[in-house]
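One file, final05.cif, is given below (mmCIF, C-alpha atoms).
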```cif
data_final
#
loop_
_atom_site.label_atom_id
_atom_site.label_comp_id
_atom_site.auth_asym_id
_atom_site.auth_seq_id
_atom_site.Cartn_x
_atom_site.Cartn_y
_atom_site.Cartn_z
CA MET A 222 23.63 26.44 -75.02
CA LYS A 223 22.23 27.23 -71.60
CA LYS A 224 24.04 28.75 -68.65
CA ILE A 225 23.63 28.21 -64.96
CA VAL A 226 25.30 30.22 -62.20
CA VAL A 227 26.50 29.20 -58.75
CA SER A 228 27.99 31.26 -55.93
CA THR A 229 30.60 29.45 -53.91
CA LYS A 230 31.32 30.33 -50.29
CA SER A 231 34.69 28.73 -49.51
CA ARG A 232 38.14 28.45 -51.02
CA THR A 233 37.49 24.81 -51.94
CA GLU A 234 33.97 23.42 -52.08
CA PHE A 235 31.74 20.97 -53.96
CA VAL A 236 28.28 22.31 -54.92
CA ASP A 237 25.54 19.87 -55.99
CA ILE A 238 24.20 21.33 -59.26
CA THR A 239 22.00 18.36 -60.20
CA PRO A 240 18.69 20.23 -59.65
CA LEU A 241 19.91 23.20 -61.74
CA ILE A 242 20.85 20.88 -64.60
CA THR A 243 17.57 18.94 -64.42
CA LYS A 244 15.59 22.15 -64.69
CA GLU A 245 17.32 23.08 -67.95
CA LEU A 246 16.49 19.73 -69.56
CA GLU A 247 12.81 20.58 -70.04
CA GLY A 248 11.64 19.98 -73.58
CA HIS A 249 14.56 17.74 -74.45
CA LYS A 250 14.19 14.00 -74.96
CA ASP A 251 17.10 11.75 -75.80
CA GLY A 252 20.79 12.30 -76.26
CA ILE A 253 23.81 13.26 -74.25
CA LEU A 254 24.20 16.28 -72.05
CA VAL A 255 27.56 18.00 -71.73
CA ALA A 256 28.02 20.17 -68.63
CA TYR A 257 31.06 22.38 -69.15
CA CYS A 258 33.08 24.49 -66.71
CA PRO A 259 34.53 27.60 -68.43
CA HIS A 260 36.87 28.35 -65.49
CA THR A 261 40.49 27.23 -65.07
CA THR A 262 40.47 26.96 -61.27
CA ALA A 263 37.32 24.84 -60.97
CA GLY A 264 35.93 21.64 -62.45
CA LEU A 265 32.99 19.25 -62.62
CA THR A 266 32.65 15.74 -61.24
CA ILE A 267 30.03 13.08 -60.59
CA ASN A 268 30.09 11.33 -57.23
CA GLU A 269 27.96 10.35 -54.24
CA GLY A 270 25.51 12.95 -52.96
CA ALA A 271 23.67 11.05 -50.22
CA ASP A 272 26.33 11.45 -47.52
CA PRO A 273 27.89 14.95 -47.56
CA ALA A 274 31.00 13.43 -45.94
CA VAL A 275 31.96 11.92 -49.30
CA LYS A 276 32.50 15.29 -51.02
CA GLN A 277 34.36 16.49 -47.91
CA ASP A 278 36.70 13.48 -48.05
CA ILE A 279 37.41 13.93 -51.77
CA LEU A 280 38.27 17.60 -51.22
CA ALA A 281 40.33 16.88 -48.10
CA VAL A 282 42.55 14.38 -49.92
CA LEU A 283 42.94 16.58 -53.02
CA ASN A 284 43.93 19.44 -50.71
CA ASP A 285 46.39 17.11 -48.96
CA VAL A 286 48.01 15.49 -52.01
CA ILE A 287 48.33 18.65 -54.15
CA PRO A 288 50.79 20.84 -52.21
CA TRP A 289 49.75 24.35 -51.16
CA SER A 290 53.45 25.20 -50.89
CA PHE A 291 55.73 24.26 -53.77
CA ASN A 292 58.21 25.96 -56.03
CA TYR A 293 55.31 27.43 -58.03
CA LYS A 294 56.16 29.78 -60.94
CA HIS A 295 52.64 31.20 -61.39
CA LEU A 296 52.53 34.28 -59.18
CA GLU A 297 48.79 34.50 -58.47
CA GLY A 298 49.02 31.91 -55.68
CA ASN A 299 46.33 29.65 -57.13
CA SER A 300 48.41 27.01 -58.90
CA PRO A 301 46.96 24.25 -56.67
CA ALA A 302 43.52 25.20 -58.03
CA HIS A 303 44.72 24.96 -61.66
CA ILE A 304 46.24 21.54 -60.96
CA LYS A 305 43.05 20.21 -59.34
CA ALA A 306 41.03 21.55 -62.30
CA SER A 307 43.06 19.43 -64.74
CA ILE A 308 42.91 16.34 -62.52
CA ILE A 309 39.13 16.53 -62.01
CA GLY A 310 38.33 17.71 -65.54
CA SER A 311 36.43 20.54 -67.19
CA SER A 312 33.29 18.67 -68.20
CA VAL A 313 31.00 15.74 -67.50
CA THR A 314 28.90 13.88 -70.06
CA ILE A 315 25.60 12.30 -69.04
CA ILE A 316 23.08 10.24 -71.00
CA VAL A 317 19.53 11.66 -71.29
CA GLU A 318 16.53 9.41 -71.95
CA ASP A 319 12.85 10.40 -72.08
CA GLY A 320 13.89 13.82 -70.85
CA ASN A 321 15.56 12.43 -67.74
CA LEU A 322 19.20 12.65 -66.74
CA GLN A 323 20.46 9.08 -66.44
CA LEU A 324 22.44 9.11 -63.20
CA GLY A 325 23.26 6.11 -61.04
CA THR A 326 21.35 5.64 -57.78
CA TRP A 327 23.86 7.54 -55.63
CA GLN A 328 25.23 9.92 -58.26
CA ARG A 329 24.97 13.70 -58.20
CA VAL A 330 26.75 16.29 -60.37
CA PHE A 331 29.09 18.58 -58.45
CA PHE A 332 30.63 21.90 -59.37
CA CYS A 333 34.11 21.79 -57.85
CA GLU A 334 35.37 25.13 -56.59
CA PHE A 335 39.12 25.18 -56.06
CA ASP A 336 39.77 28.95 -55.82
CA GLY A 337 36.71 30.52 -54.22
CA PRO A 338 34.65 32.09 -53.05
CA ARG A 339 33.47 33.31 -56.47
CA THR A 340 30.44 33.53 -58.74
CA ARG A 341 30.80 30.81 -61.36
CA SER A 342 29.07 29.66 -64.55
CA ILE A 343 28.39 26.22 -65.96
CA TRP A 344 27.44 25.83 -69.61
CA LEU A 345 25.06 23.08 -70.77
CA LYS A 346 24.57 21.57 -74.21
CA LEU A 347 22.35 18.67 -75.19
CA VAL A 348 23.07 16.82 -78.43
CA ASP A 349 20.56 14.27 -79.69
CA MET B 1098 36.95 12.76 -88.28
CA LYS B 1099 39.85 15.12 -88.72
CA LYS B 1100 43.41 14.65 -87.53
CA ILE B 1101 45.96 17.14 -86.32
CA VAL B 1102 49.62 16.44 -85.60
CA VAL B 1103 51.99 17.90 -83.04
CA SER B 1104 55.68 17.32 -82.44
CA THR B 1105 56.72 17.47 -78.82
CA LYS B 1106 60.23 18.44 -77.78
CA SER B 1107 60.55 17.32 -74.14
CA ARG B 1108 59.83 14.26 -72.02
CA THR B 1109 56.85 16.04 -70.42
CA GLU B 1110 55.29 19.10 -72.02
CA PHE B 1111 51.94 20.86 -72.57
CA VAL B 1112 51.35 22.09 -76.14
CA ASP B 1113 48.58 24.64 -76.81
CA ILE B 1114 46.60 23.14 -79.70
CA THR B 1115 43.71 25.63 -79.61
CA PRO B 1116 44.63 27.29 -82.94
CA LEU B 1117 44.92 23.88 -84.66
CA ILE B 1118 41.48 22.88 -83.41
CA THR B 1119 39.88 26.20 -84.37
CA LYS B 1120 41.17 25.84 -87.93
CA GLU B 1121 39.43 22.48 -88.32
CA LEU B 1122 36.04 23.87 -87.25
CA GLU B 1123 35.48 25.73 -90.52
CA GLY B 1124 32.10 24.97 -92.05
CA HIS B 1125 30.65 23.63 -88.83
CA LYS B 1126 28.02 25.49 -86.82
CA ASP B 1127 26.60 24.14 -83.58
CA GLY B 1128 27.23 21.07 -81.52
CA ILE B 1129 29.93 19.54 -79.41
CA LEU B 1130 33.51 18.93 -80.41
CA VAL B 1131 35.38 15.92 -79.08
CA ALA B 1132 39.17 16.14 -79.21
CA TYR B 1133 40.61 12.68 -78.67
CA CYS B 1134 44.13 11.51 -77.87
CA PRO B 1135 44.86 8.06 -79.39
CA HIS B 1136 48.05 7.61 -77.35
CA THR B 1137 48.41 5.86 -73.97
CA THR B 1138 51.25 8.01 -72.62
CA ALA B 1139 49.67 11.40 -73.35
CA GLY B 1140 46.40 13.18 -72.71
CA LEU B 1141 44.33 16.31 -73.28
CA THR B 1142 43.34 19.01 -70.83
CA ILE B 1143 41.82 22.48 -70.72
CA ASN B 1144 43.48 25.06 -68.49
CA GLU B 1145 44.88 28.60 -68.42
CA GLY B 1146 46.95 29.67 -71.40
CA ALA B 1147 47.69 33.33 -70.59
CA ASP B 1148 50.55 32.69 -68.18
CA PRO B 1149 52.84 29.85 -69.34
CA ALA B 1150 53.81 29.32 -65.69
CA VAL B 1151 50.44 27.62 -65.10
CA LYS B 1152 51.14 24.69 -67.43
CA GLN B 1153 54.65 24.41 -65.95
CA ASP B 1154 53.22 24.22 -62.43
CA ILE B 1155 50.66 21.55 -63.37
CA LEU B 1156 53.38 19.44 -64.96
CA ALA B 1157 55.82 20.00 -62.09
CA VAL B 1158 53.34 18.74 -59.50
CA LEU B 1159 52.23 15.77 -61.62
CA ASN B 1160 55.92 14.87 -62.06
CA ASP B 1161 56.41 15.23 -58.30
CA VAL B 1162 53.34 13.32 -57.08
CA ILE B 1163 53.54 10.41 -59.57
CA PRO B 1164 56.79 8.65 -58.67
CA TRP B 1165 59.49 8.18 -61.33
CA SER B 1166 60.88 5.34 -59.21
CA PHE B 1167 58.47 2.72 -57.91
CA ASN B 1168 58.12 -1.04 -57.99
CA TYR B 1169 56.86 -0.79 -61.59
CA LYS B 1170 56.07 -4.07 -63.39
CA HIS B 1171 55.87 -2.59 -66.91
CA LEU B 1172 59.41 -2.87 -68.30
CA GLU B 1173 59.38 -0.01 -70.83
CA GLY B 1174 60.16 2.55 -68.12
CA ASN B 1175 57.20 4.78 -68.97
CA SER B 1176 54.65 3.72 -66.37
CA PRO B 1177 54.53 7.26 -64.91
CA ALA B 1178 53.37 8.47 -68.34
CA HIS B 1179 50.58 5.85 -68.49
CA ILE B 1180 49.42 6.85 -65.01
CA LYS B 1181 49.34 10.57 -65.86
CA ALA B 1182 47.41 9.77 -69.06
CA SER B 1183 44.61 8.13 -67.03
CA ILE B 1184 44.56 10.92 -64.45
CA ILE B 1185 44.37 13.71 -67.04
CA GLY B 1186 42.12 11.83 -69.47
CA SER B 1187 42.09 10.89 -73.13
CA SER B 1188 39.62 13.46 -74.43
CA VAL B 1189 38.05 16.87 -73.92
CA THR B 1190 34.56 17.90 -74.97
CA ILE B 1191 33.84 21.52 -75.93
CA ILE B 1192 30.63 23.25 -76.95
CA VAL B 1193 30.56 24.87 -80.44
CA GLU B 1194 28.20 27.72 -81.29
CA ASP B 1195 27.98 29.70 -84.53
CA GLY B 1196 31.13 27.94 -85.64
CA ASN B 1197 33.09 29.09 -82.60
CA LEU B 1198 34.70 26.98 -79.90
CA GLN B 1199 33.09 28.06 -76.60
CA LEU B 1200 36.05 28.35 -74.26
CA GLY B 1201 36.16 30.41 -71.07
CA THR B 1202 38.13 33.66 -71.08
CA TRP B 1203 41.39 32.10 -69.89
CA GLN B 1204 40.96 28.61 -71.28
CA ARG B 1205 43.11 26.93 -73.90
CA VAL B 1206 43.25 23.29 -75.01
CA PHE B 1207 46.53 21.54 -74.26
CA PHE B 1208 48.02 18.34 -75.62
CA CYS B 1209 49.79 16.77 -72.64
CA GLU B 1210 52.96 14.91 -73.53
CA PHE B 1211 54.11 12.56 -70.78
CA ASP B 1212 56.62 10.38 -72.69
CA GLY B 1213 58.20 12.54 -75.35
CA PRO B 1214 59.67 13.81 -77.44
CA ARG B 1215 57.46 12.24 -80.11
CA THR B 1216 55.23 13.04 -83.07
CA ARG B 1217 51.63 12.76 -81.88
CA SER B 1218 48.12 12.87 -83.35
CA ILE B 1219 44.88 14.29 -82.02
CA TRP B 1220 41.57 13.24 -83.55
CA LEU B 1221 38.63 15.64 -83.80
CA LYS B 1222 34.92 14.92 -84.25
CA LEU B 1223 32.06 17.38 -84.23
CA VAL B 1224 28.55 16.11 -83.53
CA ASP B 1225 25.59 18.45 -84.03
CA MET C 14 20.93 3.33 -74.28
CA LYS C 15 22.51 -0.08 -73.92
CA LYS C 16 23.83 -1.69 -70.76
CA ILE C 17 26.71 -4.05 -70.21
CA VAL C 18 27.55 -5.85 -66.99
CA VAL C 19 30.87 -6.88 -65.50
CA SER C 20 31.68 -8.84 -62.35
CA THR C 21 34.84 -7.75 -60.61
CA LYS C 22 36.89 -10.10 -58.47
CA SER C 23 39.16 -7.86 -56.39
CA ARG C 24 38.94 -4.74 -54.25
CA THR C 25 40.70 -2.71 -56.98
CA GLU C 26 40.92 -4.00 -60.53
CA PHE C 27 40.89 -2.84 -64.18
CA VAL C 28 38.66 -4.90 -66.49
CA ASP C 29 39.10 -4.60 -70.28
CA ILE C 30 35.57 -4.00 -71.60
CA THR C 31 36.56 -3.19 -75.20
CA PRO C 32 35.04 -6.39 -76.66
CA LEU C 33 31.76 -5.82 -74.79
CA ILE C 34 31.53 -2.27 -76.16
CA THR C 35 32.40 -3.32 -79.71
CA LYS C 36 29.62 -5.90 -79.70
CA GLU C 37 27.03 -3.23 -78.84
CA LEU C 38 28.06 -1.02 -81.76
CA GLU C 39 26.46 -3.28 -84.37
CA GLY C 40 24.20 -1.37 -86.72
CA HIS C 41 25.69 2.00 -85.87
CA LYS C 42 27.85 3.96 -88.26
CA ASP C 43 29.36 7.32 -87.39
CA GLY C 44 29.33 9.48 -84.32
CA ILE C 45 30.62 9.47 -80.81
CA LEU C 46 30.14 6.79 -78.23
CA VAL C 47 29.79 7.67 -74.56
CA ALA C 48 30.54 4.87 -72.11
CA TYR C 49 29.20 5.88 -68.69
CA CYS C 50 29.81 4.43 -65.23
CA PRO C 51 26.73 4.84 -62.97
CA HIS C 52 28.68 3.92 -59.82
CA THR C 53 30.41 6.30 -57.40
CA THR C 54 33.25 3.97 -56.38
CA ALA C 55 34.35 3.02 -59.90
CA GLY C 56 35.29 4.75 -63.14
CA LEU C 57 36.27 4.32 -66.78
CA THR C 58 39.61 4.97 -68.44
CA ILE C 59 41.42 4.35 -71.72
CA ASN C 60 44.98 3.09 -71.55
CA GLU C 61 47.36 0.42 -72.81
CA GLY C 62 46.01 -3.11 -73.00
CA ALA C 63 48.89 -5.02 -74.60
CA ASP C 64 50.97 -5.42 -71.43
CA PRO C 65 48.82 -6.23 -68.38
CA ALA C 66 51.58 -4.72 -66.20
CA VAL C 67 50.45 -1.23 -67.28
CA LYS C 68 47.04 -1.48 -65.63
CA GLN C 69 48.69 -3.01 -62.55
CA ASP C 70 51.12 -0.08 -62.32
CA ILE C 71 48.33 2.52 -62.67
CA LEU C 72 46.35 0.85 -59.90
CA ALA C 73 49.41 0.38 -57.67
CA VAL C 74 50.27 4.09 -57.79
CA LEU C 75 46.66 5.21 -57.29
CA ASN C 76 46.47 2.88 -54.28
CA ASP C 77 49.75 4.32 -53.02
CA VAL C 78 49.03 8.05 -53.53
CA ILE C 79 45.42 8.05 -52.28
CA PRO C 80 45.69 7.14 -48.59
CA TRP C 81 43.81 4.10 -47.22
CA SER C 82 44.10 5.66 -43.77
CA PHE C 83 43.16 9.30 -43.36
CA ASN C 84 40.85 11.38 -41.21
CA TYR C 85 37.91 10.26 -43.35
CA LYS C 86 34.43 11.47 -42.36
CA HIS C 87 32.47 9.02 -44.54
CA LEU C 88 31.86 5.99 -42.33
CA GLU C 89 31.51 3.26 -44.97
CA GLY C 90 35.28 2.86 -45.24
CA ASN C 91 35.35 3.36 -49.01
CA SER C 92 36.32 7.03 -49.30
CA PRO C 93 39.53 6.12 -51.20
CA ALA C 94 37.30 4.53 -53.86
CA HIS C 95 35.15 7.68 -54.18
CA ILE C 96 38.29 9.81 -54.54
CA LYS C 97 39.76 7.58 -57.26
CA ALA C 98 36.39 7.65 -59.09
CA SER C 99 36.53 11.46 -59.34
CA ILE C 100 40.20 11.46 -60.39
CA ILE C 101 39.72 8.85 -63.13
CA GLY C 102 36.30 10.07 -64.26
CA SER C 103 32.85 8.64 -64.78
CA SER C 104 32.84 8.38 -68.58
CA VAL C 105 34.93 8.06 -71.70
CA THR C 106 34.06 9.42 -75.13
CA ILE C 107 35.25 7.62 -78.26
CA ILE C 108 34.84 8.44 -81.95
CA VAL C 109 33.02 5.87 -84.12
CA GLU C 110 33.55 5.65 -87.89
CA ASP C 111 32.10 3.11 -90.32
CA GLY C 112 30.78 1.23 -87.31
CA ASN C 113 34.23 0.89 -85.75
CA LEU C 114 35.44 2.22 -82.43
CA GLN C 115 38.36 4.54 -83.22
CA LEU C 116 40.96 3.59 -80.63
CA GLY C 117 44.69 4.18 -80.90
CA THR C 118 46.94 1.19 -81.63
CA TRP C 119 47.59 0.31 -77.97
CA GLN C 120 44.36 1.62 -76.45
CA ARG C 121 41.72 -0.43 -74.66
CA VAL C 122 38.75 0.70 -72.58
CA PHE C 123 38.93 -0.31 -68.92
CA PHE C 124 36.28 -0.46 -66.24
CA CYS C 125 38.05 0.64 -63.06
CA GLU C 126 36.85 -1.10 -59.92
CA PHE C 127 37.87 0.71 -56.76
CA ASP C 128 35.56 -0.94 -54.20
CA GLY C 129 35.01 -4.53 -55.31
CA PRO C 130 34.35 -7.25 -55.74
CA ARG C 131 30.92 -6.34 -57.11
CA THR C 132 28.61 -6.75 -60.10
CA ARG C 133 28.74 -3.48 -62.05
CA SER C 134 26.99 -1.87 -65.03
CA ILE C 135 28.27 0.37 -67.81
CA TRP C 136 25.81 2.36 -69.89
CA LEU C 137 26.50 3.09 -73.58
CA LYS C 138 25.02 5.76 -75.83
CA LEU C 139 25.94 6.56 -79.42
CA VAL C 140 25.12 9.99 -80.81
CA ASP C 141 25.53 10.60 -84.54
#
```

For this file, produce the structure as structure tokens.
Amino acid sequence: MKKIVVSTKSRTEFVDITPLITKELEGHKDGILVAYCPHTTAGLTINEGADPAVKQDILAVLNDVIPWSFNYKHLEGNSPAHIKASIIGSSVTIIVEDGNLQLGTWQRVFFCEFDGPRTRSIWLKLVD
Amino acid sequence: MKKIVVSTKSRTEFVDITPLITKELEGHKDGILVAYCPHTTAGLTINEGADPAVKQDILAVLNDVIPWSFNYKHLEGNSPAHIKASIIGSSVTIIVEDGNLQLGTWQRVFFCEFDGPRTRSIWLKLVD
Amino acid sequence: MKKIVVSTKSRTEFVDITPLITKELEGHKDGILVAYCPHTTAGLTINEGADPAVKQDILAVLNDVIPWSFNYKHLEGNSPAHIKASIIGSSVTIIVEDGNLQLGTWQRVFFCEFDGPRTRSIWLKLVD
């Protein structure tokens, strides 16, 4: 298992971690890569990276649909972040061939911060 | 493949199945564990287990955002459960090292009942 | 890695790709299968296939909850599709035993088109 670290700068933010993942693939050949988020107020997703407006739109709608104010029972004030984490998911699985991450033309892997800013980890495991 | 069984008690409910999964890991060492939900009105998620209010808040918002009343075409009355199942997802993937499930400090694995109460199965497979 | 192709006919649509996946399993025995969507305006989900009204209801609510009109910054007009892709997810993981896909009684694998009609690919990888 390998670990990568990202520092987020906003309360909610998508960080493109594709280059960090690619770097950790060295020496591996074929299989599937699992990128795993060990945090409960963050997640991982795969989406378009070419136009930064896409990640902004995804975040804007999540922040609009999941209410900031609600009859929340959890007293830390970050229930919206926990909810978004379960909707987006705690891991992504990507095929690896000839040592290369098999992403679609427009795809990038994003760490999804929902309760930042914080220093966060992502764990990687390749199974072949 | 191993199977674990849970009995849910409410229409919608999160059940912490982490201890049941851990028990089935015995004898395994390194790899990734897939926990799979074979039901179409339930799912699996990873989120905070320390404060039970977190799972209540996630459920409360899902039950609020996904309408109970809508122009549903499926006549069994459980379309909201099918929708939540696809939003939350049918499986979780977790890294295993030295025979231990690699969860973050606050993470637990939850079976997500959306159309209970019922007796439910979760299937487990470790690939190394 | 194997590739399957589907042609979608509507702007949003669920296509049952279970038979296409099953056909590609030939010769394999045990492990986990990853079905991966390389597109950023589509996804993959597992849900009920017996009553076609279920997939219609899931789509209808997603199309209702994720706004078509919003202060979107992405200028291609398909931000709702990108958002649904991240909510539904880019891959599904399914256990394989004795060469058979281990799905629950009512489960089918659906390609989820959110910005069609288009010709789309799904990539498959089995790890054992």

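Once the PyMOL selection byres ((chain A) within 7 of (chain C)) is applied to the shown structure, the selection contains Gly252, Thr266, Ile267, Asn268, Glu269, Ala274, Val275, Asp278, Ile279, Ile308, Ile309, Thr314, Ile316, Leu324, Gly325, Trp327, Gln328 and Asp349 of chain A.
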
Å distance separating atom CA of Thr31 of chain C from atom CA of Ala73 of chain C, one decimal place
22.0 Å

Record the distance separating atom CA of Lys230 of chain A and atom CA of Ile343 of chain A, expressed in Å with one decimal.
16.5 Å

Just the residues within 12 Å of Gly1124 of chain B, please, counting all atoms listed in the file, with nothing from its chain fewer than 3 positions along; format it as a PDB file with C-alpha atoms, in the coordinates of the input.
```
ATOM      1  CA  THR B1119      39.880  26.200 -84.370  1.00  0.00           C
ATOM      2  CA  LYS B1120      41.170  25.840 -87.930  1.00  0.00           C
ATOM      3  CA  GLU B1121      39.430  22.480 -88.320  1.00  0.00           C
ATOM      4  CA  ASP B1127      26.600  24.140 -83.580  1.00  0.00           C
ATOM      5  CA  VAL B1193      30.560  24.870 -80.440  1.00  0.00           C
ATOM      6  CA  GLU B1194      28.200  27.720 -81.290  1.00  0.00           C
ATOM      7  CA  ASP B1195      27.980  29.700 -84.530  1.00  0.00           C
ATOM      8  CA  GLY B1196      31.130  27.940 -85.640  1.00  0.00           C
ATOM      9  CA  ASN B1197      33.090  29.090 -82.600  1.00  0.00           C
ATOM     10  CA  LEU B1223      32.060  17.380 -84.230  1.00  0.00           C
TER      11      LEU B1223
END
```

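Around Phe124 of chain C, within 6 Å and counting all atoms listed in the file, the residues found are Phe27, Val28 and Leu57 of chain C, once anything fewer than 4 positions away on its own chain is removed.
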
Selection result of the PyMOL selection byres ((chain B and resi 1110) around 7) on this file, as a ChimeraX atom specification
/B:1107-1109,1111-1112,1209-1211

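With atom CA of Val122 of chain C on one side and atom CA of His41 of chain C on the other, the separation reads 18.7 Å.
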
For the provided coordinates, the residues matched by the PyMOL selection byres ((chain C and resi 133) around 7) should be stated as a list in words.
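That expression, the PyMOL selection byres ((chain C and resi 133) around 7), corresponds here to Val18, Val19, Ser20, Arg131, Thr132, Ser134 and Ile135 of chain C.
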